[in-house]
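Student: Mind looking over this structure? Questions follow.
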Amino acid sequence: MSLSIEHSAHAAKEASKLIADMPGELRNAVLVDLAQRISTRTAEILHVNVTDMQAAAAAGVDAPRLRRLELTSEILKQMCDGLRQIAAAPDPVGQVTHWRQTPVGLTVQRVRTPLGAIAMIYEARPSVTIDAFALCFKAGNACILKGGKEANRSNQLLASIAKESLAAHGAPVDALTALTTIDREQLQQMLTLTDDIDLVIPRGGEALIRFVHEHSRIPTIQHFKGVCHVFVDKDANLEMALDIVATGKTSAPATCNATECVLIHAAVAENFIPMLVKRARDDGFSIRGDKQVVSKNEQADHVQSATGDDWGREFLDLILAAKVVDSMNEACEHIDRYSSDHTEAIVTDDTATADTFCKRVKSSCVLVNASTRFNDGFQLGLGAEIGISTSRIHAYGPMGLDALTIDRFVVRGSGHTR
């Protein structure tokens with residue numbers, strides 16, 4: 001076992017005890033201070049990120065991961081907005097979520113308490129360094145962050161700025177530990193530190209998440225991939241549906257909440273498919289379609305026949321699978337078979353159909369007349385997210401502050417015995 005990793009994990013665990021007892025106002029002050037520091041040092045952060053981008057491109061990193069690696073002024077602004085939003089959010093630590101009195105006179109409360117030390121293992125996205133720290137810290141936890149090597153410089157700088165904010169307010173700097181040099185063997189060793197790490201959250205490609213899932217002895221929350229569907233119902237506004245599907249694919253194709261497959265009700269297929277094919281040509285994405293889609297567009301070079309592997313596939317690219325279905329029930333059966341439990345959407349003007357779809361589909365987020373891209377912590381008002389869980393345990397969907405605490409029982413009596 002690497003002594004440095006073991007020491008870092010133990011230091012984080014000790015720091016978590018201090019953070020859990022820290023006044024909420026102090027945690028908020030650290031986050032507001034961090035937002036100001038990042039805003040002030042935007043040019044420096046972008047310069048370092050460009051260096052990471054250039055090195056990654058030279059090393060042959062693929063286009064989807066390069067897009068996830070890039071920081072922009074707008075991303076940094078949203079990062080700062082997220083920090084302030086998290087700071088302004090109600091403090092989850094100590095919240096009473098349930099209260100009752102038993103027949104024998106015991107007062108029973110369920111109270112939110114921090115998880116402890118949380119290890120976050122992620123690829124590419126350096127913005128996760130700040131999002132993960134902010135959410136963990138606000139919820140009274142310490143965090144151990146293992147980012148991808150392609151983002152080392154960006155992660156190191158962002159972590160060092162966060163530590164400056166911690167030190168400036170007298171908070172323990174071990175509230176954040178950034179591991180930027182450990183290899184897979186050392187990572188595997190870290191996943192055995194059950195005494196000091198309370199939860200592991202992997203965030204990245206399916207290979208990374210499966211590695212963590214298979215080797216961790218610590219409780220783990222993950223989603224393996226995001227295979228997100230949009231069902232265009234027979235009662236859909238087709239112009240609305242077209243915008244939701246197209247922008248769900250093109251606005252950020254490398255993200256886990258991008259639309260990967262559109263299911264089209266047969267009753268509107270004759271009208272909707274030509275609209276979709278034209279929009280795909282205009283917006284620069286290609287379609288992998290079933291026989292009904294392809295037969296109507298044999299001359300379109302951006303429309304190809306889907307293979308069996310294209311259903312349930314996370315393309316992470318400007319590629320959209322498209323299939324015609326005869327009913328909402330058939331759409332739901334397709335989703336049941338191929339969904340990754342991440343995000344599904346329906347476009348319809350029929351309220352009863354929408355309600356049935358929401359009950360029938362059990363993914364972590366179901367949307368009506370809105371893009372799959374809204375399954376995101378910032379967009380859903382959480383300030384930011386530490387990840388999206390498709391594990392049906394205490395957290396399901398985007399994990400914000402509440403998901404980084406657990407409910408425990410606090411019971412008060414007056415000499416009660418059994």
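If you're wondering about the labels, chains in the structure tokens are A, B, ... by order shown, residues count from 1 in each chain, ligands from 1 in order shown.
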Using only C-alpha atoms, tabulate the residues of stretch 64-109 of chain A lying at most 12 Å from any atom of stretch 245-263 of chain A, each with its closest atom pair and that distance in Å to one decimal, by chain and increasing residue number, as JSON lines.

Tutor:
```
{"residue": "A:Pro64", "atom": "CA", "partner": "A:Ala254", "partner_atom": "CA", "distance": 5.1}
{"residue": "A:Arg65", "atom": "CA", "partner": "A:Ala254", "partner_atom": "CA", "distance": 7.5}
{"residue": "A:Leu66", "atom": "CA", "partner": "A:Ala254", "partner_atom": "CA", "distance": 9.4}
{"residue": "A:Arg67", "atom": "CA", "partner": "A:Ala254", "partner_atom": "CA", "distance": 7.1}
{"residue": "A:Arg68", "atom": "CA", "partner": "A:Ala254", "partner_atom": "CA", "distance": 7.1}
{"residue": "A:Leu69", "atom": "CA", "partner": "A:Ala254", "partner_atom": "CA", "distance": 10.7}
{"residue": "A:Glu70", "atom": "CA", "partner": "A:Ala254", "partner_atom": "CA", "distance": 11.9}
```

Student: Could you write out the selected residues, including C-alpha atoms, as a CSV table (one decimal), in the first residue's frame?

Tutor:
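Final output, out39.csv:
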```csv
chain,number,residue,atom,x,y,z
A,64,PRO,CA,-15.3,13.5,-27.2
A,65,ARG,CA,-12.8,13.5,-24.3
A,66,LEU,CA,-11.2,16.6,-25.6
A,67,ARG,CA,-14.5,18.4,-25.5
A,68,ARG,CA,-15.0,17.3,-21.9
A,69,LEU,CA,-11.5,18.5,-21.0
A,70,GLU,CA,-11.9,22.0,-22.3
```

Student: From a DSSP pass on the backbone, collect the residues of stretch 228-274 of chain A flagged as strand (DSSP E or B) and hand them back as a PyMOL selection string.

Tutor: chain A and resi 228-232+259-265

Student: Between atom CA of A:Leu135 and atom CA of A:Leu404, what distance in Å does the model show, to one decimal?

Tutor: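 If I compute the distance from atom CA of A:Leu135 to atom CA of A:Leu404, I get 7.6 Å.
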
Student: Just checking: using only C-alpha atoms, which residue out of A:Ser364, A:Ser216, A:Ser127, A:Ser73 ends up closest to A:Ile197?

Tutor: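 The shortest atom-to-atom distance to A:Ile197 comes from A:Ser216.
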
Student: Using only C-alpha atoms, which residues sit within 7 Å of A:Val411 once same-chain residues fewer than 3 positions away are excluded, as a count of residues only?

Tutor: 4
